[in-house]
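Have a look at the structure below, then the notes.
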Amino acid sequence: TCDPEYYKWNQWLFLKMLEKGIAYKKTQVVNWDPVDQTVLANEQVIDGRGWRSGAPVEKREIPGYYMGITQYADELLDCVSNKLTGWPASVRAMQANWIGKSVGVRFAFPHRIMDAAGKLVGEGKLFVFTTRADTIMGVTFCAVAPEHPLAAVAAARDAKVAAFIADTQHGTVMEADMATMEKKGVATGLFVTHPLTGDKVEVWVGNYVLMTYGDGAVMGVPGHDERDFAFAKKYDLPIKQVIALAKPYSTDAWQSHYGDYGTCIEAGPMNGMDYAAAIDFVAAQTASHGGQKKTQYRLRDWGISRQRYWGTPIPIIHCKDCGDVPVPYEDLPVVLPQDLIPDGSGNPLKKDAAFLNCSCPTCGKPATRETDTMDTFVDSSWYYMRYTSPNNASDYHDKMVGAGNDYWMPMDQYIGGITHAVLHLLYARFWTKVMRDLGMLKFDEPFTNLLCQGMVLNHIYSRKTDKGGIEYFPPADVETIPATTGKPAMYRLKSDGCTVDYGGVGTMSKSKLNGVDPQDMIDHYGADAARLFVMFASPPEQTIEWSSAGVEGTQRYLRRLWNFAHGLQAGMHNAGAVNTALLDVAAKKLRREIHATLKQASYDYTRLQYNTVVSACMKMLNALEENRAGSPAVLREGLMILLRVLYPACPHITWQIWNDLGCHAEFGDLLDAPWPEPDPAALEQDEIEMVVQVNGKLRGQIRVPKDAAKEAIEKLALNDEGVKRHTEGKPVKKLIVVPGKLINVVV
RNA sequence: GCCGGGAUGGCGGAACUGGUAGACGCACGGGACUCAAAAUCCCGCGGUAGCAAUACCGUGCCGGUUCGAUUCCGGCUCUCGGCACCA
């Protein structure tokens with residue numbers, strides 16, 4: 001993110017997007033940290049304070065630049081459902097939920113409510129969005145978000161409403177917590193008109209209505225909506241059933257089937273209509289006041305402005321006369337000063353005169369540069385495409401990607417953390433579609449197959465600071481005093497001996513200081529052993545709790561491999577190729593084992609289950625060691641297979657052994673060696689071991705010739721000692737033979 | 001609350017389309033080598049009973065389908081991750 005080259009492309013594309021209306025500037029009310037002087041994300045707000053500085057959060061109106069990702073919501077969702085078949089189902093579900101498409105009707109309740117200045121609020125229309133317009137005749141109230149303009153009007157007239165709104169500003173903002181929150185509200189004394197019946201409907205302020213979704217207002221249908229039902233019960237509002245239901249209905253308690261679809265009843269002109277007819281009717285009836293069918297998304301546009309100095313400068317110049325003027329293309333890139341020292345109080349660019357002051361490109365008068373920089377997700381949305389043609393001309397703005405991109409992209413296999421399931425992976429997809437629409441790419445989706453490695457968890461230790469923030473400590477700095485009877489475990493910081501709070505295990509993160517530096521393990525055990533250990537720990541998609549227990553085992557394995565290979569070295573050089581005609585029973589058996597294990601390992605590689613590839617390598621070495629006195633040709637073949645299978649995990653030691661054995665002279669560098677193929681002839685067996693069950697329980701094992709007739713196998717099975725013991729005196733009802741595997745005798 | 005995973009020995013985990021549950025490793029126990037230790041090698045290692053052969057039980061819980069279920073179906077519990085009270 002410090003490379004001026006990348007700045008240039010980011011800035012160039014940003015200006016293109018401004019021209020096309022995909023990027024735009026908007027002023028929004030945000031959570032503002034007055035100490036860090038930065039916009040806070042919701043999760044950075046704890047109890048109304050910023051989690052880093054611990055200072056009370058301010059609500060501020062801040063201008064920022066936004067990317068119109070919602071313009072692409074439909075296509076992004078469509079591709080999730082139909083194109084991204086190489087992605088994990090969980091990530092596809094997360095993206096679909098994040099986009100959150102709902103289809104319904106947006107319409108207005110007309111009113112004559114004036115604000116303090118005597119102006120009609122919202123031009124006399126209270127807009128709401130609903131997916132259940134068919135229940136419109138069941139409306140008994142309306143509810144608006146605490147931030148809604150009508151709420152402000154009511155608050156100015158009524159202290160009770162003002163107090164309620166102030167109350168909702170405290171407490172959590174995490175939406176998952178809100179899901180279990182009690183539904184509360186206050187009547188405003190303001191009334192709007194039902195667009196179909198003309199009835200007066202009272203407006204309430206409700207803590208369960210979100211200003212950020214739709215118009216920040218809902219129609220209240222307690223008869224068929226669970227939240228509205230709970231709200232109506234609490235405040236004694238009428239509840240009306242207006243949909244015919246298959247199961248009984250009562251207003252005593254909410255039942256999940258109250259939300260089912262059905263035909264309209266008690267609904268005047270809508271009686272007897274089904275859902276489709278009803279929403280058409282409502283859209284038509286409300287059209288004169290702006291009502292229409294609408295698709296609403298949960299996805300919001302991507303705010304890219306950051307109040308910090310690292311990242312790509314947003315290429316805009318603010319002029320008193322000309323307004324916000326884009327930096328001319330030929331002046332790109334706008335680069336950052338390299339000598340700034342952040343002092344913890346806001347963006348240092350704001351104090352850097354050399355960066356800040358410039359002249360307006362339009363009128364030439366003194367002007368100032370935009371000091372916000374771009375979100376680093378901008379860079380991660382496309383950098384990999386530049387890698388495919390890094391030397392593409394950089395003097396032309398539209399050459400940010402080149403011919404290499406047409407060849408390499410879309411990416412066959414992307415491996416990334418599940419932590420990026422939504423944001424990064426959605427932004428990168430969006431960015432791809434924007435570049436495509438600008439004629440720079442020929443594909444719709446950047447990543448064909450996605451593997452999300454699971455998260456690595458570690459213990460979390462923290463303390464509350466005086467300011468109300470949280471200070472974290474690395475697990476290595478904390479000692480545990482184990483629990484004894486009657487006393488829970490205690491945790492102390494080694495440096496000062498005082499207790500710290502234990503937060504359980506959680507995702508390793510920079511802020512929680514619970515990450516582990518692999519360098520310690522590499523220093524102790526070597527890079528190959530560290531790599532092998534991590535691969536062996538679990539399948540990559542699984543979440544794991546970090547533990548270094550067992551790394552000695554992988555180091556021991558590599559030492560055994562080294563010793564085995566070098567112990568055989570002398571005999572290996574003259575071993576020659578395997579002559580299958582001359583092999584004894586033991587050599588055949590070893591060869592079969594190596595090739596069967598190779599087959600399994602190859603399959604596990606393709607299904608990305610690397611932990612069992614490692615165990616396959618361990619099995620191969622075990623088999624080779626057991627036969628260390630056997631045929632040198634077979635041993636050499638086996639070891640060469642093992643080295644190639646192990647190579648991706650342990651490139652250093654396998655490469656060295658390969659050379660020490662002289663394989664490089666004969667077969668070329670290990671780097672260029674092809675993946676070994678199992679020899680079908682090696683897998684063939686003259687005799688097969690089969691398992692015999694009686695009533696599904698294992699009772700014996702038999703060896704049969706590989707082409708034995710079914711009758712012969714059955715006879716052998718029934719004569720097995722263990723089988724006889726369990727079938728004696730009982731007539732055999734049925735015999736099931738699974739070729740090459742087992743026989744089940746049913747008695 | 002909703003969505004998506006997961007649950008198998010003391011631990012990490014294996015079992016590819018229903019067919020020998022516990023591969024491979026860690027830890028542990030016993031032994032060999034050694035003056036001793038480290039390193040290395042060998043043996044054992046789900047539970048219960050038994051000297052043993054062996055028998056019974058056993059993949060979160062309850063039930064079903066099947067000759068046979070860790071695997072399929074129905075209903076739960078716990079847990080991890082994500083989230084959206086989304087109208």
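Going through the structure tokens in order, the chains are called A, B, and so on, while each chain numbers its residues from 1 and the ligands are numbered from 1 in the order shown.
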Non-local contacts of stretch 612-624 of chain A (10 Å; only C-alpha atoms (C1' of nucleotides); under 6 positions in same chain excluded) as a ChimeraX atom specification:
/A:532-533,535-539,554,557-558,560-561,564-565,589-591,593-605,630,634-636,638-639,641-646,649 /B:13-14,23-25
Please determine the contact residues of chain A with respect to chain B at a cut-off of 6 Å, counting only C-alpha atoms (C1' of nucleotides), and supply them as an MDAnalysis selection string.
chainID A and resid 90 130 179 208 218 550 615 696 746
Export, as a tab-separated table (two decimals), in the first residue's frame, the selected residues with N, CA, C and O atoms.
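Generated file (selection.tsv):
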```
chain	number	residue	atom	x	y	z
A	90	SER	N	-20.85	-22.23	2.92
A	90	SER	CA	-20.98	-21.28	4.04
A	90	SER	C	-20.67	-19.86	3.57
A	90	SER	O	-21.37	-18.90	3.95
A	130	THR	N	-42.42	-2.76	2.63
A	130	THR	CA	-42.92	-4.00	3.21
A	130	THR	C	-42.86	-5.13	2.19
A	130	THR	O	-43.07	-4.92	1.00
A	179	ALA	N	-31.05	-8.26	18.52
A	179	ALA	CA	-32.04	-9.28	18.17
A	179	ALA	C	-32.77	-9.79	19.39
A	179	ALA	O	-33.93	-10.18	19.31
A	208	TYR	N	-36.90	-0.90	17.65
A	208	TYR	CA	-36.59	-2.04	16.77
A	208	TYR	C	-36.62	-1.64	15.30
A	208	TYR	O	-36.45	-2.48	14.43
A	218	VAL	N	-41.75	1.59	9.43
A	218	VAL	CA	-42.48	0.38	9.07
A	218	VAL	C	-43.97	0.57	9.33
A	218	VAL	O	-44.36	1.37	10.17
A	550	GLY	N	3.42	-31.64	19.75
A	550	GLY	CA	3.48	-32.55	18.63
A	550	GLY	C	4.47	-32.13	17.56
A	550	GLY	O	4.76	-32.91	16.66
A	615	SER	N	0.15	-37.78	6.60
A	615	SER	CA	0.12	-39.10	7.23
A	615	SER	C	0.48	-40.17	6.20
A	615	SER	O	1.10	-41.17	6.55
A	696	GLY	N	-23.86	-58.56	10.56
A	696	GLY	CA	-23.26	-57.23	10.57
A	696	GLY	C	-22.14	-57.04	11.56
A	696	GLY	O	-21.59	-55.95	11.67
A	746	VAL	N	-26.29	-63.66	7.27
A	746	VAL	CA	-27.45	-63.30	8.08
A	746	VAL	C	-28.10	-64.57	8.59
A	746	VAL	O	-28.47	-65.44	7.80
```
Return as a ChimeraX atom specification the full set of residues in stretch 77-325 of chain A whose backbone-based DSSP assignment is alpha helix (DSSP H).
/A:77-82,89-99,149-157,159-168,175-178,226-235,275-286
Gap from atom CA of A:Arg112 to atom CA of A:Lys200 - Å, one decimal:
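We find that atom CA of A:Arg112 and atom CA of A:Lys200 lie 11.8 Å from each other.
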Between A:Phe377, A:Tyr329, A:Tyr72, A:Phe667, which has the minimum distance to A:Lys433 (counting only C-alpha atoms)?
A:Tyr72
Extract the full set of strand (DSSP E or B) residues from stretch 1-140 of chain A according to DSSP on the backbone, and format it as number ranges by chain.
A: 23-33, 38-40, 45-46, 49-50, 56, 58-67, 86, 101-110, 114, 120, 125-130
Report the distance between atom CA of A:Asn719 and atom CA of A:Met690 in Å, rounded to one decimal place.
13.5 Å
Residue neighbourhood A:Gly50, 10 Å, only C-alpha atoms (C1' of nucleotides), exclusion window fewer than 4 positions, as a PyMOL selection string
chain A and resi 31-36+39-46+54-58+468-469
Counting only C-alpha atoms (C1' of nucleotides), what is within 12 Å of A:Tyr427, bar same-chain residues fewer than 3 positions away, as a count of residues only?
35
Tell me, as an mmCIF file with N, CA and C atoms (P, O5', C5', C4', C3', O3' and C1' of nucleotides), in the first residue's frame, which residues lie within 12 Å of B:C73, counting only C-alpha atoms (C1' of nucleotides); anything in the same chain fewer than 5 positions away does not count.
```
data_model
loop_
_atom_site.group_PDB
_atom_site.id
_atom_site.type_symbol
_atom_site.label_atom_id
_atom_site.label_comp_id
_atom_site.auth_asym_id
_atom_site.auth_seq_id
_atom_site.Cartn_x
_atom_site.Cartn_y
_atom_site.Cartn_z
ATOM 1 P P G B 63 -34.153 -44.908 22.101
ATOM 2 O "O5'" G B 63 -34.759 -44.597 20.651
ATOM 3 C "C5'" G B 63 -36.064 -45.033 20.319
ATOM 4 C "C4'" G B 63 -36.579 -44.356 19.081
ATOM 5 C "C3'" G B 63 -36.381 -45.112 17.774
ATOM 6 O "O3'" G B 63 -37.226 -46.233 17.652
ATOM 7 C "C1'" G B 63 -35.990 -42.813 17.424
ATOM 8 P P G B 64 -36.721 -47.506 16.783
ATOM 9 O "O5'" G B 64 -36.783 -46.950 15.285
ATOM 10 C "C5'" G B 64 -38.048 -46.629 14.711
ATOM 11 C "C4'" G B 64 -37.854 -46.013 13.350
ATOM 12 C "C3'" G B 64 -37.234 -46.909 12.292
ATOM 13 O "O3'" G B 64 -38.171 -47.812 11.753
ATOM 14 C "C1'" G B 64 -36.259 -44.751 12.185
ATOM 15 P P U B 65 -37.687 -49.226 11.163
ATOM 16 O "O5'" U B 65 -36.952 -48.806 9.823
ATOM 17 C "C5'" U B 65 -37.694 -48.276 8.720
ATOM 18 C "C4'" U B 65 -36.748 -47.928 7.594
ATOM 19 C "C3'" U B 65 -35.839 -49.064 7.150
ATOM 20 O "O3'" U B 65 -36.505 -49.962 6.278
ATOM 21 C "C1'" U B 65 -34.571 -47.075 7.387
ATOM 22 P P U B 66 -36.348 -51.543 6.520
ATOM 23 O "O5'" U B 66 -34.823 -51.797 6.185
ATOM 24 C "C5'" U B 66 -34.328 -51.582 4.860
ATOM 25 C "C4'" U B 66 -32.838 -51.770 4.842
ATOM 26 C "C3'" U B 66 -32.343 -53.078 5.441
ATOM 27 O "O3'" U B 66 -32.457 -54.149 4.511
ATOM 28 C "C1'" U B 66 -31.007 -51.270 6.230
#
```
Considering only C-alpha atoms (C1' of nucleotides), can you say which of A:Tyr407, A:Pro680, A:Arg559, A:Tyr275 comes closest to B:A39?
A:Arg559
Determine the nearest neighbour of A:Pro238 from the options A:Pro328, A:Val201, A:Tyr213, A:Gly497, counting only C-alpha atoms.
A:Val201
Excluding same-chain residues fewer than 6 positions from A:Gln255, what lies within 10 Å of it counting only C-alpha atoms (C1' of nucleotides), as a PyMOL selection string?
chain A and resi 224+226+247-249
Residue subset to file, keeping C-alpha atoms, as an mmCIF file, in the first residue's frame:
```cif
data_model
loop_
_atom_site.group_PDB
_atom_site.id
_atom_site.type_symbol
_atom_site.label_atom_id
_atom_site.label_comp_id
_atom_site.auth_asym_id
_atom_site.auth_seq_id
_atom_site.Cartn_x
_atom_site.Cartn_y
_atom_site.Cartn_z
ATOM 1 C CA HIS A 224 -49.087 -11.189 11.081
ATOM 2 C CA GLU A 226 -43.948 -11.254 15.246
ATOM 3 C CA LYS A 247 -54.383 -23.320 11.723
ATOM 4 C CA PRO A 248 -56.387 -21.565 14.485
ATOM 5 C CA TYR A 249 -55.753 -17.907 15.286
#
```
When you draw a straight line from atom CA of A:Arg592 to atom CA of A:Pro632, how long is it in Å?
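Taking atom CA of A:Arg592 as the start and atom CA of A:Pro632 as the end point, the length is 15.4 Å.
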Need the shell around B:G60: protein/DNA/RNA residues with any atom at most 10 Å away, counting only C-alpha atoms (C1' of nucleotides). Skip same-chain ones fewer than 3 positions apart. Format as a list in words?
A7, U8, U77 and C78 of chain B
Keeping only all heavy atoms, write those residues as a PDB file, in the first residue's frame.
```
ATOM      1  P     A B   7     -17.823 -33.637  13.489  1.00  0.00           P
ATOM      2  OP1   A B   7     -16.664 -34.469  13.134  1.00  0.00           O
ATOM      3  OP2   A B   7     -19.158 -33.918  12.926  1.00  0.00           O
ATOM      4  O5'   A B   7     -17.966 -33.608  15.073  1.00  0.00           O
ATOM      5  C5'   A B   7     -16.854 -33.221  15.896  1.00  0.00           C
ATOM      6  C4'   A B   7     -17.286 -33.168  17.343  1.00  0.00           C
ATOM      7  O4'   A B   7     -18.489 -32.373  17.435  1.00  0.00           O
ATOM      8  C3'   A B   7     -17.607 -34.526  17.946  1.00  0.00           C
ATOM      9  O3'   A B   7     -17.119 -34.582  19.286  1.00  0.00           O
ATOM     10  C2'   A B   7     -19.123 -34.575  17.935  1.00  0.00           C
ATOM     11  O2'   A B   7     -19.664 -35.330  18.997  1.00  0.00           O
ATOM     12  C1'   A B   7     -19.486 -33.102  18.121  1.00  0.00           C
ATOM     13  N9    A B   7     -20.797 -32.788  17.527  1.00  0.00           N
ATOM     14  C8    A B   7     -21.094 -32.730  16.189  1.00  0.00           C
ATOM     15  N7    A B   7     -22.353 -32.425  15.945  1.00  0.00           N
ATOM     16  C5    A B   7     -22.903 -32.276  17.212  1.00  0.00           C
ATOM     17  C6    A B   7     -24.203 -31.959  17.635  1.00  0.00           C
ATOM     18  N6    A B   7     -25.214 -31.725  16.804  1.00  0.00           N
ATOM     19  N1    A B   7     -24.430 -31.895  18.962  1.00  0.00           N
ATOM     20  C2    A B   7     -23.419 -32.130  19.798  1.00  0.00           C
ATOM     21  N3    A B   7     -22.155 -32.437  19.525  1.00  0.00           N
ATOM     22  C4    A B   7     -21.945 -32.499  18.194  1.00  0.00           C
ATOM     23  P     U B   8     -15.715 -35.212  19.551  1.00  0.00           P
ATOM     24  OP1   U B   8     -15.584 -35.375  21.010  1.00  0.00           O
ATOM     25  OP2   U B   8     -14.712 -34.470  18.786  1.00  0.00           O
ATOM     26  O5'   U B   8     -15.837 -36.650  18.899  1.00  0.00           O
ATOM     27  C5'   U B   8     -16.757 -37.595  19.433  1.00  0.00           C
ATOM     28  C4'   U B   8     -16.401 -38.959  18.928  1.00  0.00           C
ATOM     29  O4'   U B   8     -16.307 -38.924  17.481  1.00  0.00           O
ATOM     30  C3'   U B   8     -15.038 -39.462  19.372  1.00  0.00           C
ATOM     31  O3'   U B   8     -15.121 -40.074  20.647  1.00  0.00           O
ATOM     32  C2'   U B   8     -14.711 -40.488  18.292  1.00  0.00           C
ATOM     33  O2'   U B   8     -15.377 -41.707  18.530  1.00  0.00           O
ATOM     34  C1'   U B   8     -15.320 -39.846  17.041  1.00  0.00           C
ATOM     35  N1    U B   8     -14.340 -39.126  16.216  1.00  0.00           N
ATOM     36  C2    U B   8     -13.523 -39.896  15.391  1.00  0.00           C
ATOM     37  O2    U B   8     -13.586 -41.105  15.358  1.00  0.00           O
ATOM     38  N3    U B   8     -12.640 -39.194  14.621  1.00  0.00           N
ATOM     39  C4    U B   8     -12.481 -37.831  14.592  1.00  0.00           C
ATOM     40  O4    U B   8     -11.649 -37.340  13.842  1.00  0.00           O
ATOM     41  C5    U B   8     -13.356 -37.093  15.473  1.00  0.00           C
ATOM     42  C6    U B   8     -14.227 -37.761  16.238  1.00  0.00           C
ATOM     43  P     U B  77     -33.192 -28.339  21.846  1.00  0.00           P
ATOM     44  OP1   U B  77     -33.928 -27.444  22.773  1.00  0.00           O
ATOM     45  OP2   U B  77     -32.844 -27.881  20.477  1.00  0.00           O
ATOM     46  O5'   U B  77     -31.859 -28.837  22.574  1.00  0.00           O
ATOM     47  C5'   U B  77     -31.954 -29.490  23.846  1.00  0.00           C
ATOM     48  C4'   U B  77     -30.605 -30.033  24.231  1.00  0.00           C
ATOM     49  O4'   U B  77     -30.243 -31.113  23.326  1.00  0.00           O
ATOM     50  C3'   U B  77     -29.452 -29.049  24.094  1.00  0.00           C
ATOM     51  O3'   U B  77     -29.366 -28.180  25.204  1.00  0.00           O
ATOM     52  C2'   U B  77     -28.253 -29.989  23.985  1.00  0.00           C
ATOM     53  O2'   U B  77     -27.884 -30.499  25.247  1.00  0.00           O
ATOM     54  C1'   U B  77     -28.834 -31.112  23.134  1.00  0.00           C
ATOM     55  N1    U B  77     -28.544 -30.968  21.690  1.00  0.00           N
ATOM     56  C2    U B  77     -27.262 -31.260  21.259  1.00  0.00           C
ATOM     57  O2    U B  77     -26.371 -31.621  21.996  1.00  0.00           O
ATOM     58  N3    U B  77     -27.062 -31.119  19.903  1.00  0.00           N
ATOM     59  C4    U B  77     -27.992 -30.721  18.963  1.00  0.00           C
ATOM     60  O4    U B  77     -27.664 -30.638  17.777  1.00  0.00           O
ATOM     61  C5    U B  77     -29.285 -30.424  19.499  1.00  0.00           C
ATOM     62  C6    U B  77     -29.515 -30.559  20.811  1.00  0.00           C
ATOM     63  P     C B  78     -28.909 -26.660  24.972  1.00  0.00           P
ATOM     64  OP1   C B  78     -29.180 -25.935  26.233  1.00  0.00           O
ATOM     65  OP2   C B  78     -29.463 -26.173  23.689  1.00  0.00           O
ATOM     66  O5'   C B  78     -27.323 -26.787  24.796  1.00  0.00           O
ATOM     67  C5'   C B  78     -26.528 -27.282  25.865  1.00  0.00           C
ATOM     68  C4'   C B  78     -25.204 -27.770  25.329  1.00  0.00           C
ATOM     69  O4'   C B  78     -25.427 -28.756  24.290  1.00  0.00           O
ATOM     70  C3'   C B  78     -24.353 -26.718  24.628  1.00  0.00           C
ATOM     71  O3'   C B  78     -23.643 -25.912  25.543  1.00  0.00           O
ATOM     72  C2'   C B  78     -23.427 -27.588  23.782  1.00  0.00           C
ATOM     73  O2'   C B  78     -22.407 -28.166  24.560  1.00  0.00           O
ATOM     74  C1'   C B  78     -24.387 -28.678  23.323  1.00  0.00           C
ATOM     75  N1    C B  78     -24.965 -28.415  21.983  1.00  0.00           N
ATOM     76  C2    C B  78     -24.162 -28.689  20.861  1.00  0.00           C
ATOM     77  O2    C B  78     -23.024 -29.135  21.028  1.00  0.00           O
ATOM     78  N3    C B  78     -24.665 -28.458  19.622  1.00  0.00           N
ATOM     79  C4    C B  78     -25.901 -27.982  19.482  1.00  0.00           C
ATOM     80  N4    C B  78     -26.338 -27.780  18.240  1.00  0.00           N
ATOM     81  C5    C B  78     -26.730 -27.690  20.602  1.00  0.00           C
ATOM     82  C6    C B  78     -26.228 -27.919  21.828  1.00  0.00           C
TER      83        C B  78
END
```
